[in-house]
Structure formats: C-alpha cells, structure tokens
Amino acid sequence: MMTGASSLLRNGDVVASAEIPCVSLADFREQVLQACEGGARIATLFGRLADAGRVRLFAVLANDAEGQLALWSTEVVDGYPALTPACIQAHWFEREIAEQWGIRPEGHPWLKPIRFHRSYREGHDAWGRSAETPIQPGVTDFFKMTGDEVHEVAVGPVHAGIIEPGHFRFQCHGEHVYHLEISLGYQHRGVERALVGGPNKRTIPYLETLAGDTTIGHALAYCEAIEALAGCQVPARAQALRAIALELERLANHTGDLGALANDIGYLPTASYCGRIRGDFLNLTALICGNRFGRGLIRPGGVLFDLDEARHKQLEERLAEAHKDVTNAVELLWDTSSVRARFENAGPVSREMAVELGLVGVVARASGLGHDVRSQFPSGIYRFAQIPVSSYHTGSVFARAYVRWMEIQRSIAFVFDQLKALPDGPVRSEVGALAADSAVVSLTEGWRGEICHTALTDAHGRLAHYKIVDPSFHNWMGLALALRNQQISDFPLCNKSFNLSYCGHDL
Amino acid sequence: MKPESFIPLLLALMLSPLLPGVINRTKALFAGRRGPPLLQIYFDLWKLLHKGAVYSRTTTWIFRAGPMLGLAAVLTAAMLVPLGNFPALIAFPADFLLFAGLLGLMRFFTVLAALDTGSSFEGMGASREVFFSALAEPALLVALATLARQAGSYSLSTLLGQVAGGHWLHLGPVLALVMIALMIVLLAENARIPVDDPNTHLELTMIHEVMVLDHGGPDFAFIVYGAALKLWLLAALVVGMVVPATGAPGLDLALVMGGMFAVAVVVGVVESVMARLRLAMVPQLLVGAGALAAAAFLLGLK
C-alpha cells in the first residue's frame with residue numbers, strides 16, 4: 001500500500017491500478033479537503049467493491065489552475081466521517097456512495113438516496129432497510145416548513161410538457177420560494193454496471209444514449225478513455241471531425257436553449273426561430289454521419305464517417321447560413337427590454353456559491369468562473385486549437401443565456417477554422433487490447449459542462465469499473481439554490497437556464 | 001326593443017371565437033409560421049362538446065357548476081354591450097356597473113371551481129387571478145366612469161356612441177388615456193401577454209389557464225367559449241369608443257367589424273414583440289392602468 005504522493009495525472013493519462021495511492025482514511029480526508037480549500041474541484045468521487053467486503057473510495061480532484069488531476073483512494077467498511085460538512089461539493093457524491101455501497105458518511109447533513117435502487121453490496125444498506133422493504137423513487141424525507149401561510153407545491157414526476165421525469169418540491173409563502181428540493185432517479189437504468197466486463201457491442205450504444213442530447217460528449221469521453229488505455233493514436237483528421245461534432249452538438253443545444261428561454265417568457269420571435277435553427281445545426285451533424293444526434297459517428301480509434309469534398313463544402317455553406325439566422329434571432333433577445341427585464345436578476349448563483357457547490361460548465365462560467373475542459377484539460381484537437389473561455393459575472397438567467405450566446409459565436413468560428421484546415425489522412429486507427437489493471441480519467445467539455453469518465457480495467461484488460469459523472473450531477477443543487485428567495489413563477493425560466501439532464505444524472 | 005339591438009348579441013355569440021383565431025394568426029405571421037386555421041376555436045369547441053367529462057373525486061358540485069355559471073354570467077354581460085352604433089339588447093342607466101359586476105361574477109365562479117379541486121396549482125392560479133383582477137377592476141370602472149361623465153350618459157349603449165361621435169376632437173388626450181387603460185385591462189382580463197401567457201404549458205407561471213386545468217369536455221368548451229366572449233366584449237368597448245356612426249348601417253357594421261379585428265391584430269402584435277412581465281411586476285402595470293384612467297377622469301373634470 002502506497003502512502004506517498006498522489007498520482008498527478010493529466011486528462012487521459014493512464015495509471016497502473018497498483019500505483020493509485022491508497023491511503024488511510026484520515027489522509028484521504030485531509031488530501032481531499034486540502035485540495036478543495038486550495039481551489040480544486042471534486043471531478044468524481046466514487047466507491048468500488050474491494051477485497052473482503054470492503055469498499056475502496058476513489059477521488060479525482062481537478063486543479064483547474066494547473067490543469068492537473070489528483071487521484072487518491074482509501075478503503076472503508078461501513079461508514080466514515082463525511083466530507084460534506086467541510087466540503088459541500090462532496091454532498092451529492094456521498095449520497096451516491098451511501099446508496100450504492102451501503103456506506104454511511106457519518107455527519108452528512110442530508111443523507112438521502114438519489115436514485116432509489118438497492119445497495120450493490122448485499123446486506124449493506126446505509127439506511128438499514130431490509131431486502132423486503134420496497135424502494136420507490138421519490139419516497140423519502142423532504143424538507144418541511146410549517147406555518148399557517150406556508151404552502152407546499154409539488155411538481156412532477158409527470159410534467160405538462162414533454163420533458164423527463166423529476167420531482168420538484170417547493171416550500172412557498174405565496175409566490176415566494178423559500179426552498180426547492182429536487183428528487184430524481186426515475187430514469188435510473190444501471191448504465192455504469194452494464195458497462196462492466198466490456199467493451200463489447202453494447203458499450204457504445206449505452207454511452208450514446210446515456211443522455212440523448214449529449215451523445216457526442218459522452219461517446220467522446222468514453223472513446224478517449226479507451227484509446228488511452230489501448231495506447232491508440234487517433235488520426236488528426238478524426239480528431240478534428242470529433243471536435244467539429246462536439247461543437248455542433250453545443251451549437252444545437254445552446255440554440256435550442258435560447259429559444260426555449262424565450263418561449264418561457266412568451267417572447268415569440270426568438271422562440272420560434274431558434275427552434276428551427278436548432279434543427280439546422282442538428283442537420284449539420286446528420287450531414288456528417290447521417291444521424292442528427294451524431295449516433296454512430298464516434299468510435300474508439302476515430303470516427304466512422306469521413307467528410308468528402310462535396311459535403312465539406314455544403315457543411316461550410318450551411319453553417320454560414322445558420323450563423324446568420326442564429327445571430328438575427330438571438331440578438332433580438334438582447335435588444336428587447338422586456339426580455340432583459342425577465343432575464344436579469346432572475347435565479348442568481350453567486351461566484352462563491354458556484355465554487356462551494358463545485359458547479360461546472362455554462363452555469364459555472366455564468367457565475368464568473370473559468371472552468372472549461374477545452375481550455376484547462378484539453379484533449380484531442382483542443383490541445384492545438386484553443387477556444388476562448390466564455391464567462392460572465394452576474395450568475396443570473398441573463399448570464400447563463402449570454403454565456404451560451406458567446407459560446408455559439410466561438411464554436412461557429414472554431415468549426416470554420418477546423419473546416420478550413422481539415423487535416424488529410426485516415427479517420428480511424430486500430431485499437432489494440434486495453435492495458436490490464438489500469439485506470440484512466442477522461443474529461444470532455446460537453447455542451448452542459450464537464451463530463452468525467454473514469455475507467456478501471458481488470459487483469460484481462462476488461463472494464464472492471466466505469467464511473468460516469470454528467471455535468472448535471474454537479475449542477476442540480478445549483479438550480480435548487482438559485483430558486484431561493486425567487487418567485488415560484490420564475491422557476492421554469494431558471495430551470496431552463498440550467499437545462500440539466502435527468503437521465504444523465506440518473507444513469 | 002329595436003330589432004337591430006339583437007345584432008351585437010348575435011354577432012358576439014357567432015363571431016367571438018374568431019378573435020383568438022385572428023390573434024393566433026397574427027402571432028404566427030411574426031413567428032414565420034403558418035399558424036392554426038382561423039376557425040380553430042370553433043373546431044375545438046365542437047370537439048370538446050362531443051367529449052365526456054372526467055371529474056376528480058375530491059371535487060363537489062361547485063366544480064361542475066363553475067363553467068356553467070361563468071358562461072351564464074358572460075352571456076348576460078353580452079346583452080349589455082353595444083357594438084358600434086348598434087345598441088345593446090338591454091340598456092339602462094349605470095348598466096356599465098352591472099357589466100363589470102358580471103365579469104366579476106364570472107371570475108368568481110371560475111375561482112371557486114379552481115379552489116374546489118384542492119390542487120396547489122389551481123390555488124396558486126386562483127390567488128393570482130383574484131389579486132390581479134382586484135387591480136384591473138378599478139381601472140375598468142374608472143375608465144368607464146370617465147367616459148360616462150364626458151358623454152353625460154350612464155348607459156353603455158349611448159355613452160360609447162356619443163364619445164365616438166364627437167368628443168375626440170376636444171377631448172383627445174382624455175380619451176386616449178382611457179383607451180390605453182381599457183387596452184391594458186383587456187390584455188389582463190383575457191390572460192394575454194404581458195400579463196399571462198395563453199400558450200405556456202408551465203403550470204407554475206400560468207394565471208388563467210392553471211385555474212381550468214382540471215376541466216375537460218363540455219365544461220372546458222364553456223370556459224373556452226366564455227373566454228372568447230369576454231375578449232369580444234372588452235374589444236367591443238374599445239372599438240365602440242372610436243368608431244363613429246356614419247348613418248349607413250352597412251358601413252357601420254363594416255367599420256365596427258374592422259375595428260374588432262384590428263383590436264385582435266393589436267393584441268397579436270403586442271404578444272409578438274414583447275416578453276411577458278415578471279409576475280411581481282404585473283400589479284404595477286395594472287395600477288398604472290388605474291392611474292391612467294384616474295388621470296383621464298381628473299383631466300376631464302374642468
């Protein structure tokens with residue numbers, strides 16, 4: 001057992017499992033807490049069954065300033081002193097660990113299940129539930145306020161619109177929201193466990209449908225993990241095509257989000273035009289690979305579809321067209337005072353809160369943080385072609401909308417650059433066997449934010465453990481806190497400005 | 001009772017569902033869409049009337065009576081409102097008070113039915129509706145009182161015609177203020193942007209729509225039809241203020257119908273070019289409408 005320095009990794013570095021430092025619980029706590037105090041974020045924190053019924057906890061701490069990832073681990077049996085009281089961003093991870101492994105983080109202030117499934121360790125349940133007790137999503141404790149004039153509004157899991165299921169509970173006084181609690185887990189499918197033993201034929205489809213709107217993002221994070229483990233070099237042309245697909249996914253979703261934000265405040269022109277332009281961006285992805293969401297495009301070793309001369313030209317032309325349209329549609333938002341009146345000051349998330357909660361992606365950047373995997377932990381073509389980080393300081397709905405707009409402009413410019421200088425050569429290389437007994441952390445900046453995949457292989461080079469952290473996992477709590485002291489009628493607007501994934505969270 | 005005094009009522013009954021159709025087409029034009037057919041509301045009504053209704057076990061007879069009584073109230077109100085130069089079926093001094101009261105009654109039954117469901121959404125909508133209409137009602141009353149005073153007549157059928165006939169030249173500013181106040185009331189009372197968003201599916205932001213979520217079938221048809229009538233009547237007030245009598249009934253009718261659809265187009269344009277107000281700002285808008293009406297009243301005192 002090593003006790004020395006942690007494994008300092010870059011995005012996509014492979015480390016032998018034996019070299020992952022496994023330290024005492026006290027040291028582990030110390031390392032995590034110190035790192036977070038020093039400005040690092042918890043990129044992932046998860047458990048995995050070890051020998052003799054013990055559970056090994058792994059923490060990946062992302063240091064944005066250094067562009068480095070620190071990997072630590074420790075072993076626990078049934079409980080350990082929770083990190084959450086000292087480091088709030090651990091709270092959702094610790095609830096996950098408690099639920100999955102039946103380990104109690106002692107002193108966790110609000111220990112509840114997050115996905116409502118049985119513990120993976122038979123006979124261990126963090127809440128002492130027997131095997132006969134039925135577990136139903138949403139059936140748990142909720143915050144309660146009492147008083148004659150206080151009322152509770154429960155929304156979902158079945159919603160009026162065609163959206164994913166989630167349960168939202170508001171404690172209100174009239175229109176004023178004191179607290180919002182979000183209960184998810186309705187979409188839990190057990191993807192992570194299904195990946196164990198892979199890679200096999202099912203692996204990629206699982207990843208591509210993990211969160212349907214982030215097909216490229218998750219597929220890319222997975223493929224980069226696999227390629228790292230296999231020591232495979234992806235051809236430059238494939239790397240450029242992947243980045244183009246990732247940015248097209250961002251363009252489609254950001255455009256759709258801006259349209260949906262306009263729709264939520266009843267601002268018709270942007271709402272209807274952006275709905276169409278989102279489709280234009282999706283069709284550009286379809287132009288590359290035949291699928292609007294990019295399914296079937298990204299595979300370990302490269303991409304399955306090359307861009308021939310004719311489609312290359314068409315892509316450029318249609319992108320220019322969409323650029324013009326989206327500019328017209330979105331600039332209406334900033335020019336209309338009634339829109340700004342709705343966006344500004346709604347659902348604020350302060351910079352401090354964003355740091356404490358460990359928020360990522362658009363939401364973090366809208367609160368003045370500079371987290372962007374493409375800039376701090378670049379992989380693939382992003383190591384050579386930089387995209388400026390888009391951030392804004394107010395943390396409001398306006399900031400989240402405006403950051404999206406800045407990113408749209410920068411992504412379009414980036415895609416044009418890539419198309420202009422698209423490298424020649426093959427688009428796929430052979431992927432060999434995966435390194436045995438190894439681990440890799442793969443980060444990708446999906447359109448919502450940081451996607452973190454951690455893969456561990458067994459002695460035969462099969463996946464022994466696969467941990468996925470969708471950006472939504474970090475950010476749901478941000479939405480809950482953004483709603484405090486807001487009007488309940490502004491919830492849909494705030495919700496849309498986060499636009500988090502339910503299935504990406506539920507896995 | 002003159003035979004032509006049936007015209008306003010008949011036109012209201014037959015053509016009121018056309019107004020939302022015009023609004024929707026206007027909005028579609030701005031959004032670059034084709035939009036639903038002009039007659040969509042008629043189709044919807046036909047469809048709803050042929051459906052059964054589902055009632056929650058937690059509701060009582062109040063819930064079932066709500067839509068019927070609401071429609072009855074607005075139908076009665078329709079007998080009081082003239083259309084341009086055509087007098088209303090029933091006219092008597094101070095009938096505008098009854099008109100406002102009947103709209104209040106309609107709302108009262110809608111709110112009761114909403115509260116009867118016990119749903120937190122509907123309670124929220126009811127609370128918003130009552131709060132906002134408590135602010136919109138004074139604006140409406142003061143606006144009508146201003147008109148009544150200027151016209152020296154206290155019946156809707158005569159006062160609107162007199163205002164349109166000759167007061168614009170020397171009372172332009174007063175009437176313009178009244179008209180703006182009435183337009184704001186019209187938008188607020190009919191759940192239009194900037195006060196409410198008739199298209200949203202988001203329960204938490206709705207006002208009027210959320211109160212009628214649990215109604216279905218013929219009950220909902222009554223509500224939809226009642227809402228169309230209410231829009232028609234308030235539009236008729238606005239139009240009545242501006243369209244003068246020409247003496248030729250055919251021309252009068254054409255002018256007033258053109259006016260009605262113009263109001264619908266204006267509503268559609270407003271919905272297309274601005275976002276909805278934050279809910280907390282709505283009272284300010286309505287109090288503003290009241291203030292405009294009061295200012296008009298004072299201006300006209302000289």
# chains A, B, ... in the order shown; residues from 1 in each chain; ligands from 1
call {"tool": "interface_residues", "arguments": {"of": "chain A", "to": "chain B", "cutoff": "10 Å", "atoms": "only C-alpha atoms", "output": "JSON, numbers by chain"}}
result
{"A": [151, 152, 153, 154, 155, 159, 160, 161, 162, 174, 175, 262, 263, 264, 265, 266, 267, 268, 269, 270, 271, 272, 273, 332, 333, 336, 337, 338, 339, 340, 341, 342, 343, 346, 487, 488, 489, 490, 491, 492, 493]}
call {"tool": "write_last_selection", "arguments": {"atoms": "C-alpha atoms", "output": "CSV table (one decimal), in the first residue's frame"}}
result
chain,number,residue,atom,x,y,z
A,151,HIS,CA,-47.7,26.1,1.4
A,152,GLU,CA,-46.0,23.3,-0.5
A,153,VAL,CA,-46.1,22.9,-4.2
A,154,ALA,CA,-45.2,19.6,-5.6
A,155,VAL,CA,-44.4,19.4,-9.4
A,159,HIS,CA,-45.0,17.1,-16.2
A,160,ALA,CA,-47.2,19.1,-18.5
A,161,GLY,CA,-44.6,19.3,-21.2
A,162,ILE,CA,-42.7,16.6,-23.0
A,174,GLY,CA,-47.4,33.0,-1.6
A,175,GLU,CA,-45.3,33.5,-4.7
A,262,ALA,CA,-37.5,33.0,-25.0
A,263,ASN,CA,-40.5,30.7,-25.1
A,264,ASP,CA,-40.7,30.5,-21.3
A,265,ILE,CA,-41.1,34.3,-21.1
A,266,GLY,CA,-43.5,34.3,-24.0
A,267,TYR,CA,-41.1,36.1,-26.4
A,268,LEU,CA,-42.3,34.6,-29.6
A,269,PRO,CA,-39.8,35.6,-32.4
A,270,THR,CA,-36.7,34.1,-30.9
A,271,ALA,CA,-38.6,31.1,-29.6
A,272,SER,CA,-39.9,30.0,-32.9
A,273,TYR,CA,-36.8,30.9,-35.0
A,332,LEU,CA,-33.5,40.2,-30.7
A,333,LEU,CA,-33.2,38.9,-27.1
A,336,THR,CA,-35.7,43.8,-26.3
A,337,SER,CA,-36.0,45.5,-22.9
A,338,SER,CA,-38.9,43.3,-21.7
A,339,VAL,CA,-36.7,40.2,-22.3
A,340,ARG,CA,-33.8,41.7,-20.4
A,341,ALA,CA,-36.2,42.6,-17.6
A,342,ARG,CA,-37.1,39.0,-17.2
A,343,PHE,CA,-33.6,37.6,-17.5
A,346,ALA,CA,-33.5,36.0,-12.0
A,487,GLN,CA,-40.8,33.9,-7.4
A,488,ILE,CA,-42.2,30.5,-8.0
A,489,SER,CA,-43.4,31.7,-11.4
A,490,ASP,CA,-39.8,32.2,-12.4
A,491,PHE,CA,-38.9,28.5,-11.8
A,492,PRO,CA,-39.5,27.3,-15.3
A,493,LEU,CA,-37.2,30.1,-16.6
call {"tool": "residues_around", "arguments": {"residues": "Ala113 of chain B", "least_positions_apart": "2", "cutoff": "6 Å", "atoms": "only C-alpha atoms", "output": "PyMOL selection string"}}
result
chain B and resi 62-63+66+110-111+115-116
call {"tool": "write_last_selection", "arguments": {"atoms": "N, CA and C atoms", "output": "tab-separated table (two decimals), in the first residue's frame"}}
result
chain	number	residue	atom	x	y	z
B	62	ILE	N	-69.69	22.33	-6.88
B	62	ILE	CA	-69.19	23.68	-7.21
B	62	ILE	C	-68.32	23.61	-8.46
B	63	PHE	N	-67.49	22.58	-8.51
B	63	PHE	CA	-66.58	22.41	-9.63
B	63	PHE	C	-67.36	22.26	-10.93
B	66	GLY	N	-69.22	25.64	-11.86
B	66	GLY	CA	-68.38	26.78	-12.20
B	66	GLY	C	-68.45	27.20	-13.67
B	110	THR	N	-65.21	30.88	-11.63
B	110	THR	CA	-64.01	30.18	-12.11
B	110	THR	C	-63.07	29.93	-10.94
B	111	VAL	N	-62.91	30.95	-10.10
B	111	VAL	CA	-62.01	30.83	-8.96
B	111	VAL	C	-62.52	29.78	-7.98
B	115	LEU	N	-60.59	26.48	-6.74
B	115	LEU	CA	-60.26	26.17	-5.35
B	115	LEU	C	-60.86	24.84	-4.94
B	116	ASP	N	-61.98	24.49	-5.56
B	116	ASP	CA	-62.68	23.26	-5.20
B	116	ASP	C	-61.85	22.03	-5.52
call {"tool": "atom_distance", "arguments": {"atom1": "atom CA of Leu112 of chain B", "atom2": "atom CA of Val130 of chain B"}}
result
10.7 Å
call {"tool": "closest_residue", "arguments": {"among": "A:Leu443, A:Ile20, A:Ala366, A:Ala322", "to": "Asp280 of chain A", "atoms": "only C-alpha atoms"}}
result
A:Ala322
call {"tool": "select_by_dssp", "arguments": {"residues": "segment 333-486 of chain A", "states": "strand (DSSP E)", "output": "ChimeraX atom specification"}}
result
/A:438-445,450-457,463-469
call {"tool": "write_last_selection", "arguments": {"atoms": "C-alpha atoms", "output": "tab-separated table (two decimals), in the first residue's frame"}}
result
chain	number	residue	atom	x	y	z
A	438	SER	CA	-5.00	0.27	-15.20
A	439	ALA	CA	-7.06	3.36	-14.67
A	440	VAL	CA	-7.75	6.44	-16.71
A	441	VAL	CA	-9.70	9.63	-16.17
A	442	SER	CA	-11.16	11.17	-19.29
A	443	LEU	CA	-12.65	14.66	-19.30
A	444	THR	CA	-14.63	16.28	-22.09
A	445	GLU	CA	-16.39	19.62	-22.19
A	450	GLU	CA	-17.52	18.83	-17.70
A	451	ILE	CA	-18.11	15.17	-18.47
A	452	CYS	CA	-15.89	12.93	-16.41
A	453	HIS	CA	-15.44	9.25	-17.18
A	454	THR	CA	-13.22	7.08	-15.04
A	455	ALA	CA	-12.37	3.60	-16.30
A	456	LEU	CA	-10.61	0.85	-14.40
A	457	THR	CA	-9.55	-2.35	-16.10
A	463	LEU	CA	-13.62	-2.85	-17.83
A	464	ALA	CA	-13.76	-3.63	-14.14
A	465	HIS	CA	-15.40	-0.39	-13.16
A	466	TYR	CA	-16.75	2.52	-15.11
A	467	LYS	CA	-17.79	5.74	-13.43
A	468	ILE	CA	-19.62	8.47	-15.27
A	469	VAL	CA	-20.23	11.96	-14.00
call {"tool": "residues_around", "arguments": {"residues": "Ala211 of chain A", "least_positions_apart": "6", "cutoff": "7 Å", "atoms": "only C-alpha atoms", "output": "ChimeraX atom specification"}}
result
/A:501,503-504
call {"tool": "write_last_selection", "arguments": {"atoms": "N, CA and C atoms", "output": "PDB file, in the first residue's frame"}}
result
ATOM      1  N   SER A 501     -29.722  17.535 -17.308  1.00  0.00           N
ATOM      2  CA  SER A 501     -30.203  16.258 -17.811  1.00  0.00           C
ATOM      3  C   SER A 501     -30.673  15.393 -16.649  1.00  0.00           C
ATOM      4  N   CYS A 503     -31.643  12.019 -17.231  1.00  0.00           N
ATOM      5  CA  CYS A 503     -31.096  10.680 -17.428  1.00  0.00           C
ATOM      6  C   CYS A 503     -29.574  10.693 -17.296  1.00  0.00           C
ATOM      7  N   GLY A 504     -28.952  11.828 -17.615  1.00  0.00           N
ATOM      8  CA  GLY A 504     -27.514  11.927 -17.408  1.00  0.00           C
ATOM      9  C   GLY A 504     -27.182  11.834 -15.931  1.00  0.00           C
TER      10      GLY A 504
END
call {"tool": "select_by_dssp", "arguments": {"residues": "segment 28-124 of chain B", "states": "helix (DSSP H, G or I)", "output": "VMD selection string"}}
result
chain B and resid 28 to 31 40 to 49 61 to 78 95 to 117 120 to 124
call {"tool": "residues_around", "arguments": {"residues": "Pro249 of chain B", "least_positions_apart": "6", "cutoff": "10 Å", "atoms": "only C-alpha atoms", "output": "ChimeraX atom specification"}}
result
/B:4,85-86,255
call {"tool": "closest_residue", "arguments": {"among": "A:Asn283, A:Gln314, A:Asn253, A:Ser350", "to": "Glu407 of chain A", "atoms": "only C-alpha atoms"}}
result
A:Asn253
call {"tool": "residues_around", "arguments": {"residues": "Asp51 of chain A", "least_positions_apart": "6", "cutoff": "12 Å", "atoms": "only C-alpha atoms", "output": "list in words"}}
result
Glu75, Val76 and Val77 of chain A
call {"tool": "closest_residue", "arguments": {"among": "B:Arg64, B:Arg25, B:Arg57, B:Arg34", "to": "Gly216 of chain B", "atoms": "only C-alpha atoms"}}
result
B:Arg64
call {"tool": "closest_residue", "arguments": {"among": "A:Ile114, A:Ala52, A:Val234, A:Ile97", "to": "Ser379 of chain A", "atoms": "only C-alpha atoms"}}
result
A:Val234
call {"tool": "residues_around", "arguments": {"residues": "segment 188-197 of chain A", "least_positions_apart": "2", "cutoff": "12 Å", "atoms": "only C-alpha atoms", "output": "ChimeraX atom specification"}}
result
/A:46,48,100,114-118,120,136-137,164-166,184-186,199-211,222,453-469,502-507
call {"tool": "write_last_selection", "arguments": {"atoms": "C-alpha atoms", "output": "mmCIF file, in the first residue's frame"}}
result
data_model
loop_
_atom_site.group_PDB
_atom_site.id
_atom_site.type_symbol
_atom_site.label_atom_id
_atom_site.label_comp_id
_atom_site.auth_asym_id
_atom_site.auth_seq_id
_atom_site.Cartn_x
_atom_site.Cartn_y
_atom_site.Cartn_z
ATOM 1 C CA PHE A 46 -16.957 7.027 -6.104
ATOM 2 C CA ARG A 48 -15.853 0.265 -5.797
ATOM 3 C CA GLN A 100 -24.606 2.290 -3.948
ATOM 4 C CA ILE A 114 -30.508 9.957 -5.072
ATOM 5 C CA ARG A 115 -31.559 7.210 -7.493
ATOM 6 C CA PHE A 116 -33.661 4.870 -5.388
ATOM 7 C CA HIS A 117 -32.167 1.465 -6.045
ATOM 8 C CA ARG A 118 -30.866 -1.276 -3.780
ATOM 9 C CA TYR A 120 -24.786 -3.025 -4.674
ATOM 10 C CA GLN A 136 -39.775 3.610 -4.755
ATOM 11 C CA PRO A 137 -38.429 6.721 -6.409
ATOM 12 C CA GLU A 164 -38.028 13.944 -18.479
ATOM 13 C CA PRO A 165 -39.441 12.902 -15.107
ATOM 14 C CA GLY A 166 -38.258 14.570 -11.938
ATOM 15 C CA LEU A 184 -34.557 12.413 -9.215
ATOM 16 C CA GLY A 185 -33.842 8.803 -10.001
ATOM 17 C CA TYR A 186 -36.857 7.999 -12.143
ATOM 18 C CA PRO A 199 -16.017 -3.110 -24.046
ATOM 19 C CA ASN A 200 -18.469 -5.099 -26.107
ATOM 20 C CA LYS A 201 -21.016 -4.427 -28.802
ATOM 21 C CA ARG A 202 -23.388 -2.776 -26.407
ATOM 22 C CA THR A 203 -20.950 -0.415 -24.809
ATOM 23 C CA ILE A 204 -21.054 2.384 -27.356
ATOM 24 C CA PRO A 205 -24.856 2.430 -27.727
ATOM 25 C CA TYR A 206 -25.136 2.633 -23.937
ATOM 26 C CA LEU A 207 -22.856 5.638 -23.913
ATOM 27 C CA GLU A 208 -24.508 7.310 -26.883
ATOM 28 C CA THR A 209 -27.917 7.099 -25.256
ATOM 29 C CA LEU A 210 -26.755 7.895 -21.751
ATOM 30 C CA ALA A 211 -28.073 11.407 -22.192
ATOM 31 C CA TYR A 222 -15.574 7.134 -23.459
ATOM 32 C CA HIS A 453 -15.443 9.253 -17.181
ATOM 33 C CA THR A 454 -13.224 7.078 -15.043
ATOM 34 C CA ALA A 455 -12.373 3.604 -16.300
ATOM 35 C CA LEU A 456 -10.607 0.852 -14.397
ATOM 36 C CA THR A 457 -9.553 -2.346 -16.102
ATOM 37 C CA ASP A 458 -9.090 -5.810 -14.659
ATOM 38 C CA ALA A 459 -6.256 -8.297 -15.192
ATOM 39 C CA HIS A 460 -7.656 -9.240 -18.618
ATOM 40 C CA GLY A 461 -7.993 -5.718 -19.866
ATOM 41 C CA ARG A 462 -11.771 -5.688 -19.488
ATOM 42 C CA LEU A 463 -13.615 -2.845 -17.829
ATOM 43 C CA ALA A 464 -13.755 -3.632 -14.137
ATOM 44 C CA HIS A 465 -15.402 -0.394 -13.158
ATOM 45 C CA TYR A 466 -16.749 2.523 -15.114
ATOM 46 C CA LYS A 467 -17.794 5.744 -13.427
ATOM 47 C CA ILE A 468 -19.624 8.469 -15.274
ATOM 48 C CA VAL A 469 -20.228 11.963 -13.997
ATOM 49 C CA TYR A 502 -32.326 13.867 -15.806
ATOM 50 C CA CYS A 503 -31.096 10.680 -17.428
ATOM 51 C CA GLY A 504 -27.514 11.927 -17.408
ATOM 52 C CA HIS A 505 -27.884 12.250 -13.666
ATOM 53 C CA ASP A 506 -29.848 9.056 -13.118
ATOM 54 C CA LEU A 507 -27.622 6.916 -15.317
#
call {"tool": "closest_residue", "arguments": {"among": "B:Leu234, B:Ala228, B:Met68, B:Leu89", "to": "Leu140 of chain B", "atoms": "only C-alpha atoms"}}
result
B:Leu234
call {"tool": "closest_residue", "arguments": {"among": "B:Gly104, B:Pro93, B:Gly259, B:Pro82", "to": "Ala134 of chain B", "atoms": "only C-alpha atoms"}}
result
B:Gly104
call {"tool": "decode", "arguments": {"residues": "segment 69-144 of chain A", "atoms": "C-alpha atoms", "output": "JSON list (two decimals), in the first residue's frame"}}
result
[["chain", "number", "residue", "atom", "x", "y", "z"],
["A", 69, "LEU", "CA", -5.91, 15.79, -11.81],
["A", 70, "ALA", "CA", -5.01, 14.26, -8.47],
["A", 71, "LEU", "CA", -6.11, 10.71, -7.83],
["A", 72, "TRP", "CA", -6.49, 9.40, -4.29],
["A", 73, "SER", "CA", -8.13, 6.38, -2.79],
["A", 74, "THR", "CA", -8.83, 4.80, 0.57],
["A", 75, "GLU", "CA", -10.70, 1.81, 1.92],
["A", 76, "VAL", "CA", -13.76, 1.87, 4.14],
["A", 77, "VAL", "CA", -16.05, -0.77, 5.59],
["A", 78, "ASP", "CA", -19.43, 0.51, 6.73],
["A", 79, "GLY", "CA", -19.04, 4.14, 7.47],
["A", 80, "TYR", "CA", -16.63, 7.04, 7.58],
["A", 81, "PRO", "CA", -16.77, 10.66, 8.69],
["A", 82, "ALA", "CA", -18.46, 12.54, 5.87],
["A", 83, "LEU", "CA", -16.54, 15.08, 3.83],
["A", 84, "THR", "CA", -19.63, 17.15, 3.17],
["A", 85, "PRO", "CA", -19.70, 19.27, 6.35],
["A", 86, "ALA", "CA", -16.27, 20.62, 5.47],
["A", 87, "CYS", "CA", -16.57, 20.41, 1.69],
["A", 88, "ILE", "CA", -20.06, 20.95, 0.38],
["A", 89, "GLN", "CA", -19.34, 19.84, -3.17],
["A", 90, "ALA", "CA", -18.96, 16.27, -1.91],
["A", 91, "HIS", "CA", -22.57, 16.09, -0.74],
["A", 92, "TRP", "CA", -24.18, 14.56, -3.81],
["A", 93, "PHE", "CA", -21.26, 12.14, -4.32],
["A", 94, "GLU", "CA", -21.52, 10.96, -0.74],
["A", 95, "ARG", "CA", -25.22, 10.35, -1.10],
["A", 96, "GLU", "CA", -24.44, 8.30, -4.17],
["A", 97, "ILE", "CA", -21.77, 6.30, -2.35],
["A", 98, "ALA", "CA", -24.14, 5.69, 0.56],
["A", 99, "GLU", "CA", -26.83, 4.45, -1.77],
["A", 100, "GLN", "CA", -24.61, 2.29, -3.95],
["A", 101, "TRP", "CA", -22.48, 0.66, -1.31],
["A", 102, "GLY", "CA", -24.41, 0.93, 1.91],
["A", 103, "ILE", "CA", -21.70, 3.04, 3.49],
["A", 104, "ARG", "CA", -22.77, 5.76, 5.87],
["A", 105, "PRO", "CA", -20.95, 9.05, 5.57],
["A", 106, "GLU", "CA", -21.35, 9.96, 9.25],
["A", 107, "GLY", "CA", -22.36, 13.54, 9.81],
["A", 108, "HIS", "CA", -23.73, 14.08, 6.31],
["A", 109, "PRO", "CA", -26.33, 16.78, 6.84],
["A", 110, "TRP", "CA", -28.98, 15.46, 4.48],
["A", 111, "LEU", "CA", -28.32, 11.86, 3.65],
["A", 112, "LYS", "CA", -30.97, 10.63, 1.24],
["A", 113, "PRO", "CA", -30.94, 8.27, -1.71],
["A", 114, "ILE", "CA", -30.51, 9.96, -5.07],
["A", 115, "ARG", "CA", -31.56, 7.21, -7.49],
["A", 116, "PHE", "CA", -33.66, 4.87, -5.39],
["A", 117, "HIS", "CA", -32.17, 1.46, -6.04],
["A", 118, "ARG", "CA", -30.87, -1.28, -3.78],
["A", 119, "SER", "CA", -27.33, -1.25, -2.49],
["A", 120, "TYR", "CA", -24.79, -3.02, -4.67],
["A", 121, "ARG", "CA", -23.40, -4.77, -1.59],
["A", 122, "GLU", "CA", -25.97, -7.23, -0.42],
["A", 123, "GLY", "CA", -26.78, -6.93, 3.23],
["A", 124, "HIS", "CA", -25.45, -3.39, 3.47],
["A", 125, "ASP", "CA", -27.86, -0.52, 3.38],
["A", 126, "ALA", "CA", -26.99, 2.96, 4.53],
["A", 127, "TRP", "CA", -30.49, 3.42, 5.91],
["A", 128, "GLY", "CA", -30.85, -0.04, 7.38],
["A", 129, "ARG", "CA", -33.67, -1.02, 5.03],
["A", 130, "SER", "CA", -34.29, -4.72, 4.77],
["A", 131, "ALA", "CA", -34.31, -6.58, 1.47],
["A", 132, "GLU", "CA", -38.12, -6.76, 1.67],
["A", 133, "THR", "CA", -38.72, -3.02, 2.05],
["A", 134, "PRO", "CA", -39.84, -1.75, -1.32],
["A", 135, "ILE", "CA", -37.80, 1.15, -2.67],
["A", 136, "GLN", "CA", -39.78, 3.61, -4.76],
["A", 137, "PRO", "CA", -38.43, 6.72, -6.41],
["A", 138, "GLY", "CA", -39.36, 9.91, -4.64],
["A", 139, "VAL", "CA", -40.47, 8.15, -1.46],
["A", 140, "THR", "CA", -38.15, 9.70, 1.10],
["A", 141, "ASP", "CA", -37.89, 12.58, 3.53],
["A", 142, "PHE", "CA", -38.28, 16.11, 2.28],
["A", 143, "PHE", "CA", -37.62, 19.45, 3.85],
["A", 144, "LYS", "CA", -40.72, 20.77, 5.52]]
